[in-house]
>>> print(open('my_file-v7.cif').read())   # mmCIF, C-alpha atoms
data_target
#
loop_
_atom_site.label_atom_id
_atom_site.label_comp_id
_atom_site.auth_asym_id
_atom_site.auth_seq_id
_atom_site.Cartn_x
_atom_site.Cartn_y
_atom_site.Cartn_z
CA MET A 1 -18.74 -7.81 -13.84
CA GLY A 2 -19.63 -4.58 -12.06
CA PHE A 3 -17.88 -3.61 -8.85
CA GLU A 4 -17.41 -7.17 -7.64
CA GLY A 5 -13.65 -6.82 -8.16
CA LEU A 6 -13.71 -4.99 -4.84
CA ILE A 7 -14.21 -7.41 -1.94
CA GLY A 8 -16.67 -6.27 0.72
CA ASN A 9 -17.93 -2.69 1.15
CA GLN A 10 -21.27 -3.69 -0.35
CA ARG A 11 -23.05 -0.45 0.54
CA ILE A 12 -20.53 1.64 -1.41
CA LYS A 13 -20.82 -0.68 -4.41
CA ASP A 14 -24.63 -0.64 -4.32
CA ASN A 15 -24.75 3.16 -4.05
CA LEU A 16 -22.33 3.62 -6.96
CA ARG A 17 -24.19 1.11 -9.08
CA SER A 18 -27.51 2.81 -8.38
CA SER A 19 -26.26 6.33 -9.08
CA LEU A 20 -24.62 5.28 -12.34
CA GLN A 21 -27.77 3.50 -13.53
CA LYS A 22 -29.73 6.69 -12.86
CA GLY A 23 -27.14 8.82 -14.67
CA ARG A 24 -26.20 10.67 -11.52
CA ALA A 25 -22.42 10.36 -11.64
CA SER A 26 -20.52 12.98 -9.65
CA HIS A 27 -17.65 15.10 -10.86
CA PHE A 28 -15.70 14.56 -7.64
CA TYR A 29 -15.03 11.45 -5.52
CA LEU A 30 -12.92 11.11 -2.39
CA ILE A 31 -11.91 7.50 -1.64
CA SER A 32 -10.45 7.02 1.82
CA GLY A 33 -9.00 4.12 3.78
CA PRO A 34 -5.67 2.77 5.05
CA GLU A 35 -3.13 0.98 2.89
CA GLY A 36 -4.48 -2.36 1.69
CA SER A 37 -8.14 -1.33 2.01
CA GLY A 38 -8.85 -1.49 -1.74
CA ARG A 39 -8.66 2.25 -2.48
CA HIS A 40 -6.83 1.85 -5.79
CA THR A 41 -9.01 -1.08 -6.84
CA LEU A 42 -12.15 0.97 -6.26
CA ALA A 43 -10.69 4.00 -8.06
CA ARG A 44 -9.91 1.95 -11.16
CA LEU A 45 -13.31 0.21 -11.13
CA LEU A 46 -15.06 3.56 -10.75
CA ALA A 47 -13.07 5.04 -13.63
CA ALA A 48 -13.92 2.01 -15.77
CA ALA A 49 -17.61 2.39 -14.90
CA LEU A 50 -17.57 6.08 -15.84
CA MET A 51 -15.94 5.27 -19.20
CA CYS A 52 -17.90 2.04 -19.82
CA GLU A 53 -19.73 1.52 -23.10
CA GLY A 54 -21.73 -1.51 -21.91
CA ALA A 55 -25.19 -1.89 -20.41
CA VAL A 56 -23.87 -2.81 -16.93
CA GLN A 57 -21.20 -0.43 -15.68
CA PRO A 58 -18.43 -1.42 -15.50
CA CYS A 59 -19.00 -4.32 -17.88
CA MET A 60 -15.25 -5.18 -17.93
CA GLY A 61 -15.65 -6.39 -21.49
CA CYS A 62 -15.77 -3.25 -23.63
CA GLU A 63 -12.65 -1.58 -24.96
CA ALA A 64 -12.98 1.38 -22.60
CA CYS A 65 -13.12 -0.85 -19.51
CA ARG A 66 -10.16 -2.91 -20.67
CA LYS A 67 -8.06 0.18 -21.34
CA VAL A 68 -8.83 1.73 -17.95
CA MET A 69 -8.10 -1.49 -16.06
CA SER A 70 -4.80 -1.96 -17.91
CA GLY A 71 -3.82 1.68 -17.35
CA VAL A 72 -3.60 2.71 -21.02
CA HIS A 73 -6.75 4.78 -21.52
CA PRO A 74 -5.67 8.24 -22.78
CA ASP A 75 -8.46 9.97 -20.86
CA PHE A 76 -7.65 8.35 -17.51
CA ILE A 77 -4.83 10.52 -16.18
CA THR A 78 -2.81 10.11 -12.98
CA VAL A 79 -1.70 13.33 -11.32
CA ASP A 80 1.36 12.57 -9.19
CA ASP A 81 5.14 12.68 -9.00
CA PRO A 82 6.28 9.72 -6.85
CA GLU A 83 9.77 11.22 -6.58
CA LYS A 84 8.40 14.13 -4.57
CA LYS A 85 7.40 13.95 -0.93
CA THR A 86 4.41 16.19 -1.58
CA VAL A 87 2.34 16.66 -4.72
CA PRO A 88 3.74 19.76 -6.47
CA VAL A 89 1.26 22.57 -7.08
CA GLU A 90 2.57 22.77 -10.67
CA LEU A 91 1.03 19.36 -11.40
CA ILE A 92 -2.35 20.56 -10.17
CA ARG A 93 -2.12 23.63 -12.37
CA GLN A 94 -1.22 21.48 -15.36
CA ALA A 95 -4.25 19.27 -14.72
CA ARG A 96 -6.40 22.36 -14.32
CA ALA A 97 -5.34 23.59 -17.75
CA ASP A 98 -5.59 20.15 -19.37
CA VAL A 99 -9.14 19.46 -18.18
CA TYR A 100 -10.50 22.06 -20.59
CA VAL A 101 -9.08 20.13 -23.54
CA GLN A 102 -11.76 17.77 -24.89
CA PRO A 103 -11.36 14.01 -24.20
CA ASN A 104 -9.36 12.02 -26.74
CA GLU A 105 -11.75 9.10 -27.10
CA GLY A 106 -13.81 8.63 -23.96
CA ARG A 107 -17.09 10.09 -22.77
CA ARG A 108 -15.24 11.65 -19.88
CA LYS A 109 -11.82 12.83 -18.86
CA ILE A 110 -10.88 11.38 -15.48
CA TYR A 111 -8.06 12.60 -13.24
CA LEU A 112 -6.76 10.32 -10.48
CA PHE A 113 -4.94 11.82 -7.49
CA PRO A 114 -3.41 8.78 -5.70
CA ARG A 115 -1.81 10.81 -2.88
CA ALA A 116 -4.38 13.44 -2.08
CA GLN A 117 -3.21 13.54 1.55
CA ASP A 118 0.20 14.71 0.30
CA MET A 119 -1.27 17.78 -1.39
CA GLN A 120 -0.33 20.85 0.65
CA PRO A 121 -2.92 23.67 1.11
CA PRO A 122 -1.65 25.61 -1.97
CA SER A 123 -2.09 22.46 -4.10
CA GLN A 124 -5.54 21.78 -2.66
CA ASN A 125 -6.56 25.38 -3.26
CA ALA A 126 -5.35 25.11 -6.84
CA LEU A 127 -7.49 21.99 -7.21
CA LEU A 128 -10.43 23.78 -5.64
CA LYS A 129 -10.57 26.15 -8.60
CA ILE A 130 -11.30 23.19 -10.87
CA LEU A 131 -13.85 21.74 -8.46
CA GLU A 132 -15.82 24.98 -8.43
CA GLU A 133 -16.47 25.05 -12.19
CA PRO A 134 -15.61 21.73 -13.86
CA PRO A 135 -16.43 20.99 -17.49
CA ALA A 136 -19.33 18.58 -17.97
CA TYR A 137 -17.03 15.70 -18.94
CA GLY A 138 -14.47 16.22 -16.14
CA VAL A 139 -14.21 13.78 -13.21
CA PHE A 140 -11.73 13.89 -10.33
CA ILE A 141 -11.00 10.87 -8.12
CA LEU A 142 -8.97 11.62 -5.00
CA ILE A 143 -7.42 8.86 -2.88
CA THR A 144 -6.39 9.54 0.71
CA ASP A 145 -5.44 7.54 3.78
CA ASN A 146 -7.26 10.09 5.95
CA PRO A 147 -9.98 12.49 4.76
CA GLU A 148 -9.21 14.78 7.71
CA LYS A 149 -6.01 15.77 5.88
CA MET A 150 -8.12 17.38 3.15
CA LEU A 151 -9.41 20.94 3.31
CA GLN A 152 -13.09 21.07 4.24
CA THR A 153 -13.76 23.19 1.16
CA VAL A 154 -12.44 20.31 -0.98
CA ARG A 155 -14.24 17.56 0.96
CA SER A 156 -17.56 19.40 0.78
CA ARG A 157 -17.53 19.16 -3.01
CA CYS A 158 -16.76 15.43 -3.12
CA VAL A 159 -18.80 12.27 -2.81
CA GLU A 160 -16.96 10.52 0.02
CA LEU A 161 -16.34 6.77 -0.29
CA PRO A 162 -14.81 5.55 3.02
CA LEU A 163 -13.66 1.93 2.78
CA ARG A 164 -14.33 -0.30 5.78
CA PRO A 165 -12.62 -3.46 7.10
CA LEU A 166 -13.94 -6.80 5.88
CA GLU A 167 -15.91 -9.06 8.17
CA GLU A 168 -13.73 -11.90 9.44
CA PRO A 169 -15.51 -14.73 7.54
CA THR A 170 -15.19 -12.81 4.26
CA LEU A 171 -11.52 -12.02 4.87
CA ARG A 172 -10.72 -15.58 5.90
CA ARG A 173 -12.45 -17.00 2.82
CA GLU A 174 -10.46 -14.73 0.50
CA LEU A 175 -7.15 -15.50 2.20
CA GLU A 176 -7.79 -19.25 2.08
CA LYS A 177 -8.37 -18.97 -1.68
CA ARG A 178 -5.26 -16.87 -2.28
CA PHE A 179 -2.93 -18.65 0.16
CA PRO A 180 -4.01 -22.31 0.14
CA LYS A 181 -0.73 -23.41 1.77
CA ALA A 182 -0.98 -21.05 4.73
CA GLY A 183 -1.70 -22.75 8.04
CA PRO A 184 -4.58 -21.83 10.36
CA GLU A 185 -2.28 -20.03 12.81
CA ALA A 186 -0.71 -17.88 10.09
CA LEU A 187 -4.13 -17.04 8.65
CA GLN A 188 -5.54 -16.03 12.02
CA ALA A 189 -2.50 -13.89 12.78
CA ALA A 190 -2.82 -12.11 9.43
CA ILE A 191 -6.53 -11.50 10.01
CA VAL A 192 -5.94 -10.01 13.47
CA ARG A 193 -2.91 -7.90 12.57
CA SER A 194 -4.40 -6.56 9.32
CA GLY A 195 -7.32 -4.95 11.09
CA GLY A 196 -9.66 -6.55 8.56
CA TYR A 197 -8.05 -5.11 5.42
CA LEU A 198 -7.36 -7.65 2.68
CA GLY A 199 -4.30 -5.96 1.18
CA GLN A 200 -2.56 -5.74 4.55
CA ALA A 201 -3.36 -9.38 5.32
CA GLU A 202 -1.97 -10.44 1.94
CA ASN A 203 1.26 -8.52 2.56
CA LEU A 204 1.65 -10.16 5.96
CA LEU A 205 1.24 -13.63 4.48
CA ARG A 206 3.60 -12.86 1.60
CA THR A 207 6.32 -11.64 3.97
CA GLY A 208 5.79 -14.87 5.87
CA GLU A 209 7.42 -16.60 2.87
CA GLU A 210 10.91 -15.41 3.80
CA PRO A 211 13.94 -15.37 1.46
CA ALA A 212 16.89 -17.68 2.19
CA GLN A 213 18.96 -15.02 4.00
CA VAL A 214 16.08 -14.27 6.36
CA ARG A 215 15.40 -17.95 7.03
CA GLU A 216 19.08 -18.73 7.69
CA PHE A 217 19.47 -15.67 9.93
CA ALA A 218 16.39 -16.49 12.00
CA GLN A 219 17.42 -20.10 12.47
CA ALA A 220 21.00 -19.22 13.41
CA PHE A 221 19.96 -16.46 15.80
CA ALA A 222 17.22 -18.53 17.44
CA GLY A 223 19.58 -21.49 17.83
CA ARG A 224 22.46 -19.34 19.14
CA ASN A 225 24.58 -20.77 16.33
CA ALA A 226 27.48 -18.32 16.03
CA LEU A 227 29.20 -20.40 13.33
CA ALA A 228 26.10 -20.44 11.10
CA LEU A 229 25.69 -16.71 11.59
CA THR A 230 29.32 -16.10 10.60
CA GLU A 231 28.96 -18.31 7.51
CA LEU A 232 25.93 -16.24 6.53
CA LEU A 233 27.55 -12.85 7.11
CA VAL A 234 31.00 -13.42 5.55
CA PRO A 235 29.77 -13.58 1.90
CA MET A 236 27.61 -10.51 2.55
CA GLU A 237 30.75 -8.45 3.20
CA LYS A 238 31.16 -8.18 -0.59
CA TRP A 239 27.60 -7.04 -1.25
CA LYS A 240 26.62 -3.57 -2.39
CA ARG A 241 25.41 -1.29 0.37
CA ASP A 242 21.79 -1.08 -0.92
CA GLN A 243 21.55 -4.87 -1.17
CA LEU A 244 22.83 -5.27 2.38
CA MET A 245 20.44 -2.64 3.76
CA ASP A 246 17.47 -4.39 2.17
CA VAL A 247 18.31 -7.68 3.92
CA LEU A 248 19.02 -5.97 7.24
CA ARG A 249 15.57 -4.36 7.11
CA GLN A 250 14.04 -7.81 6.56
CA TRP A 251 15.95 -9.09 9.59
CA VAL A 252 14.58 -6.21 11.66
CA ASP A 253 11.05 -7.04 10.48
CA ILE A 254 11.32 -10.69 11.53
CA LEU A 255 12.76 -9.74 14.92
CA GLU A 256 10.06 -7.12 15.52
CA GLU A 257 7.42 -9.76 14.80
CA SER A 258 9.25 -12.13 17.18
CA PHE A 259 9.31 -9.46 19.87
CA ALA A 260 5.56 -8.90 19.47
CA CYS A 261 5.05 -12.66 19.71
CA ARG A 262 6.98 -12.74 23.00
CA ALA A 263 4.61 -10.02 24.25
CA GLY A 264 1.59 -12.20 23.52
CA GLY A 265 0.82 -11.06 19.98
CA ARG A 266 0.16 -13.36 17.04
CA ALA A 267 2.97 -14.04 14.56
CA VAL A 268 2.27 -14.76 10.90
CA SER A 269 5.74 -16.14 10.29
CA GLU A 270 6.77 -19.54 11.57
CA LEU A 271 10.33 -18.18 11.75
CA ALA A 272 9.19 -15.38 14.05
CA ARG A 273 7.64 -17.96 16.35
CA THR A 274 10.90 -19.94 16.25
CA VAL A 275 12.94 -16.88 17.25
CA SER A 276 10.51 -15.96 20.02
CA ALA A 277 10.84 -19.47 21.44
CA GLY A 278 14.65 -19.46 21.29
CA ARG A 279 15.46 -15.99 22.55
CA SER A 280 14.30 -13.74 25.37
CA SER A 281 12.55 -10.42 24.79
CA ALA A 282 15.66 -8.57 25.98
CA GLU A 283 17.88 -10.44 23.52
CA ILE A 284 15.53 -9.82 20.62
CA LEU A 285 15.23 -6.13 21.47
CA ALA A 286 19.02 -5.81 21.73
CA ALA A 287 19.43 -7.44 18.30
CA ILE A 288 16.86 -5.07 16.78
CA ARG A 289 18.80 -2.11 18.11
CA GLN A 290 22.09 -3.49 16.77
CA LEU A 291 20.59 -3.97 13.32
CA GLN A 292 19.05 -0.49 13.34
CA LYS A 293 22.44 0.91 14.30
CA CYS A 294 23.97 -0.93 11.34
CA LEU A 295 21.35 0.54 9.00
CA GLU A 296 22.38 3.99 10.23
CA TYR A 297 26.03 3.06 9.63
CA ALA A 298 25.20 1.94 6.08
CA GLN A 299 23.39 5.20 5.39
CA GLY A 300 26.51 6.97 6.65
CA ASN A 301 28.64 5.15 4.04
CA VAL A 302 30.23 2.61 6.38
CA SER A 303 31.38 -0.34 4.25
CA PRO A 304 29.38 -3.60 4.11
CA ALA A 305 32.52 -5.48 5.22
CA ALA A 306 32.78 -3.42 8.41
CA ILE A 307 29.05 -3.77 9.13
CA CYS A 308 29.05 -7.54 8.66
CA GLY A 309 32.15 -7.85 10.82
CA TYR A 310 30.46 -5.88 13.56
CA LEU A 311 27.31 -8.04 13.36
CA GLN A 312 29.32 -11.25 13.70
CA TRP A 313 30.35 -10.00 17.12
CA ALA A 314 27.16 -8.17 18.14
CA LEU A 315 24.64 -10.92 17.35
CA ARG A 316 26.46 -13.86 18.95
#
>>> encode(input="my_file-v7.cif", output="structure tokens")
Amino acid sequence: MGFEGLIGNQRIKDNLRSSLQKGRASHFYLISGPEGSGRHTLARLLAAALMCEGAVQPCMGCEACRKVMSGVHPDFITVDDPEKKTVPVELIRQARADVYVQPNEGRRKIYLFPRAQDMQPPSQNALLKILEEPPAYGVFILITDNPEKMLQTVRSRCVELPLRPLEEPTLRRELEKRFPKAGPEALQAAIVRSGGYLGQAENLLRTGEEPAQVREFAQAFAGRNALALTELLVPMEKWKRDQLMDVLRQWVDILEESFACRAGGRAVSELARTVSAGRSSAEILAAIRQLQKCLEYAQGNVSPAAICGYLQWALR
């Protein structure tokens, strides 16, 4: 129960718990941290706590908590358009008008801004008009990867919740629970490369479980097996361009990790370590550049057949 769904950051959890128990909830919160730091987890837990009908907030058992955590509460509203590079000012104006409509069923009406850093000054200024005179039931939760990207006039009205990296023992314990099959070397590499953020470490370990095409490519390239590489690439000539580009990006990722390993860095993937042992830094770098060139070709509508034919020659 409570905020324990967020790993670490005990001071933030204690402060939120204390303020909620004293009935001192804010109208505005700014949650900051890099990708994988738990920003979205904290935002959802905070929204559940603000809507909670139980004695301990969030209780995670009442209907309000369950609806918020499952994303179906009518008074927990996300303000974003993922198709747009920046958050359109029109969305902010719509939220500004909507906030003065009474909540449907909750005690509060909560607006989540998952890409606050992508709000341009006009959008932030439009939001500022709400922050200056919010209705009593209105709450605004802003998520950003960097609070410095927010206008100071907006930040000054928010309770800032900066998420910190986890201590290594805590992070290791969580990763061991979630990835029981991961070896000590892979775990340590994920811990170091993630900077202490659980979500980033999880992504690193997940990408360490490579698909068949990535595994076969890495083994063929590391072993200088031109025949195996050709046998892999020939069927890919008939793929759709988007499907091919996705695999090529995965090949670039494994080679970049191999290159870092050659430079003394830690590699999460066993395949990356295999490639780094079988090829020189110059060879790996050349292959990365060839693959990046092919991605540019694909974006320029060059056919998958032509790209795969080129790679059969370039990656020998």
>>> closest_residue(input="my_file-v7.cif", among="A:Tyr297, A:Phe3, A:Phe140, A:Phe113", to="Pro88 of chain A", atoms="all atoms listed in the file")
A:Phe113
>>> resolve_selection(input="my_file-v7.cif", expression="the PyMOL selection byres ((chain A and resi 279) around 12)", output="mmCIF file with C-alpha atoms, in the coordinates of the input")
data_model
loop_
_atom_site.group_PDB
_atom_site.id
_atom_site.type_symbol
_atom_site.label_atom_id
_atom_site.label_comp_id
_atom_site.auth_asym_id
_atom_site.auth_seq_id
_atom_site.Cartn_x
_atom_site.Cartn_y
_atom_site.Cartn_z
ATOM 1 C CA ALA A 218 16.390 -16.490 12.000
ATOM 2 C CA GLN A 219 17.420 -20.100 12.470
ATOM 3 C CA ALA A 220 21.000 -19.220 13.410
ATOM 4 C CA PHE A 221 19.960 -16.460 15.800
ATOM 5 C CA ALA A 222 17.220 -18.530 17.440
ATOM 6 C CA GLY A 223 19.580 -21.490 17.830
ATOM 7 C CA ARG A 224 22.460 -19.340 19.140
ATOM 8 C CA LEU A 255 12.760 -9.740 14.920
ATOM 9 C CA SER A 258 9.250 -12.130 17.180
ATOM 10 C CA PHE A 259 9.310 -9.460 19.870
ATOM 11 C CA CYS A 261 5.050 -12.660 19.710
ATOM 12 C CA ARG A 262 6.980 -12.740 23.000
ATOM 13 C CA ALA A 272 9.190 -15.380 14.050
ATOM 14 C CA ARG A 273 7.640 -17.960 16.350
ATOM 15 C CA THR A 274 10.900 -19.940 16.250
ATOM 16 C CA VAL A 275 12.940 -16.880 17.250
ATOM 17 C CA SER A 276 10.510 -15.960 20.020
ATOM 18 C CA ALA A 277 10.840 -19.470 21.440
ATOM 19 C CA GLY A 278 14.650 -19.460 21.290
ATOM 20 C CA SER A 280 14.300 -13.740 25.370
ATOM 21 C CA SER A 281 12.550 -10.420 24.790
ATOM 22 C CA ALA A 282 15.660 -8.570 25.980
ATOM 23 C CA GLU A 283 17.880 -10.440 23.520
ATOM 24 C CA ILE A 284 15.530 -9.820 20.620
ATOM 25 C CA LEU A 285 15.230 -6.130 21.470
ATOM 26 C CA ALA A 286 19.020 -5.810 21.730
ATOM 27 C CA ALA A 287 19.430 -7.440 18.300
ATOM 28 C CA LEU A 315 24.640 -10.920 17.350
ATOM 29 C CA ARG A 316 26.460 -13.860 18.950
#
>>> closest_residue(input="my_file-v7.cif", among="A:Ser18, A:Gln102, A:Gln213, A:Thr86", to="Leu248 of chain A", atoms="all atoms listed in the file")
A:Gln213
>>> atom_distance(input="my_file-v7.cif", atom1="atom CA of Gln21 of chain A", atom2="atom CA of Tyr137 of chain A")
17.1 Å
>>> residues_around(input="my_file-v7.cif", residues="segment 24-37 of chain A", least_positions_apart="6", cutoff="7 Å", atoms="only C-alpha atoms", output="MDAnalysis selection string")
chainID A and resid 138:147 157:163 197:200
>>> closest_residue(input="my_file-v7.cif", among="A:Asp118, A:Glu176, A:Glu257, A:Glu270", to="Lys84 of chain A", atoms="all atoms listed in the file")
A:Asp118
>>> closest_residue(input="my_file-v7.cif", among="A:Gly5, A:Asn15, A:Glu105, A:Ile110", to="Met60 of chain A", atoms="all atoms listed in the file")
A:Gly5
>>> decode(input="my_file-v7.cif", residues="segment 271-287 of chain A", atoms="N, CA, C and O atoms", output="PDB file, in the first residue's frame")
ATOM      1  N   LEU A 271      26.273 -11.321 -26.409  1.00  0.00           N
ATOM      2  CA  LEU A 271      26.589 -11.213 -27.835  1.00  0.00           C
ATOM      3  C   LEU A 271      27.527 -10.033 -28.100  1.00  0.00           C
ATOM      4  O   LEU A 271      28.431 -10.127 -28.935  1.00  0.00           O
ATOM      5  N   ALA A 272      27.308  -8.930 -27.398  1.00  0.00           N
ATOM      6  CA  ALA A 272      28.187  -7.776 -27.573  1.00  0.00           C
ATOM      7  C   ALA A 272      29.608  -8.127 -27.152  1.00  0.00           C
ATOM      8  O   ALA A 272      30.583  -7.726 -27.804  1.00  0.00           O
ATOM      9  N   ARG A 273      29.726  -8.885 -26.094  1.00  0.00           N
ATOM     10  CA  ARG A 273      31.066  -9.307 -25.656  1.00  0.00           C
ATOM     11  C   ARG A 273      31.695 -10.250 -26.682  1.00  0.00           C
ATOM     12  O   ARG A 273      32.908 -10.214 -26.916  1.00  0.00           O
ATOM     13  N   THR A 274      30.860 -11.087 -27.312  1.00  0.00           N
ATOM     14  CA  THR A 274      31.358 -12.002 -28.346  1.00  0.00           C
ATOM     15  C   THR A 274      31.891 -11.221 -29.548  1.00  0.00           C
ATOM     16  O   THR A 274      32.972 -11.513 -30.072  1.00  0.00           O
ATOM     17  N   VAL A 275      31.121 -10.208 -29.978  1.00  0.00           N
ATOM     18  CA  VAL A 275      31.549  -9.396 -31.120  1.00  0.00           C
ATOM     19  C   VAL A 275      32.824  -8.639 -30.782  1.00  0.00           C
ATOM     20  O   VAL A 275      33.758  -8.560 -31.600  1.00  0.00           O
ATOM     21  N   SER A 276      32.897  -8.081 -29.583  1.00  0.00           N
ATOM     22  CA  SER A 276      34.082  -7.304 -29.210  1.00  0.00           C
ATOM     23  C   SER A 276      35.332  -8.172 -29.150  1.00  0.00           C
ATOM     24  O   SER A 276      36.445  -7.683 -29.390  1.00  0.00           O
ATOM     25  N   ALA A 277      35.146  -9.461 -28.860  1.00  0.00           N
ATOM     26  CA  ALA A 277      36.292 -10.373 -28.820  1.00  0.00           C
ATOM     27  C   ALA A 277      36.702 -10.817 -30.216  1.00  0.00           C
ATOM     28  O   ALA A 277      37.875 -11.139 -30.455  1.00  0.00           O
ATOM     29  N   GLY A 278      35.750 -10.828 -31.166  1.00  0.00           N
ATOM     30  CA  GLY A 278      36.042 -11.344 -32.502  1.00  0.00           C
ATOM     31  C   GLY A 278      36.420 -10.307 -33.525  1.00  0.00           C
ATOM     32  O   GLY A 278      36.962 -10.643 -34.586  1.00  0.00           O
ATOM     33  N   ARG A 279      36.138  -9.048 -33.236  1.00  0.00           N
ATOM     34  CA  ARG A 279      36.420  -7.986 -34.206  1.00  0.00           C
ATOM     35  C   ARG A 279      37.164  -6.834 -33.546  1.00  0.00           C
ATOM     36  O   ARG A 279      36.993  -6.561 -32.358  1.00  0.00           O
ATOM     37  N   SER A 280      37.928  -6.109 -34.341  1.00  0.00           N
ATOM     38  CA  SER A 280      38.657  -4.951 -33.832  1.00  0.00           C
ATOM     39  C   SER A 280      37.711  -3.753 -33.723  1.00  0.00           C
ATOM     40  O   SER A 280      36.624  -3.735 -34.308  1.00  0.00           O
ATOM     41  N   SER A 281      38.161  -2.741 -32.999  1.00  0.00           N
ATOM     42  CA  SER A 281      37.354  -1.520 -32.867  1.00  0.00           C
ATOM     43  C   SER A 281      37.107  -0.877 -34.228  1.00  0.00           C
ATOM     44  O   SER A 281      36.005  -0.401 -34.514  1.00  0.00           O
ATOM     45  N   ALA A 282      38.135  -0.882 -35.078  1.00  0.00           N
ATOM     46  CA  ALA A 282      37.996  -0.275 -36.410  1.00  0.00           C
ATOM     47  C   ALA A 282      36.962  -1.019 -37.240  1.00  0.00           C
ATOM     48  O   ALA A 282      36.155  -0.407 -37.959  1.00  0.00           O
ATOM     49  N   GLU A 283      36.958  -2.345 -37.161  1.00  0.00           N
ATOM     50  CA  GLU A 283      35.990  -3.139 -37.926  1.00  0.00           C
ATOM     51  C   GLU A 283      34.568  -2.916 -37.426  1.00  0.00           C
ATOM     52  O   GLU A 283      33.625  -2.815 -38.219  1.00  0.00           O
ATOM     53  N   ILE A 284      34.423  -2.850 -36.122  1.00  0.00           N
ATOM     54  CA  ILE A 284      33.084  -2.624 -35.556  1.00  0.00           C
ATOM     55  C   ILE A 284      32.580  -1.238 -35.944  1.00  0.00           C
ATOM     56  O   ILE A 284      31.421  -1.080 -36.350  1.00  0.00           O
ATOM     57  N   LEU A 285      33.440  -0.239 -35.845  1.00  0.00           N
ATOM     58  CA  LEU A 285      33.039   1.121 -36.201  1.00  0.00           C
ATOM     59  C   LEU A 285      32.666   1.215 -37.676  1.00  0.00           C
ATOM     60  O   LEU A 285      31.676   1.870 -38.039  1.00  0.00           O
ATOM     61  N   ALA A 286      33.436   0.543 -38.531  1.00  0.00           N
ATOM     62  CA  ALA A 286      33.120   0.551 -39.965  1.00  0.00           C
ATOM     63  C   ALA A 286      31.760  -0.086 -40.222  1.00  0.00           C
ATOM     64  O   ALA A 286      30.967   0.404 -41.045  1.00  0.00           O
ATOM     65  N   ALA A 287      31.458  -1.179 -39.526  1.00  0.00           N
ATOM     66  CA  ALA A 287      30.167  -1.858 -39.700  1.00  0.00           C
ATOM     67  C   ALA A 287      29.016  -0.974 -39.222  1.00  0.00           C
ATOM     68  O   ALA A 287      27.947  -0.934 -39.847  1.00  0.00           O
TER      69      ALA A 287
END
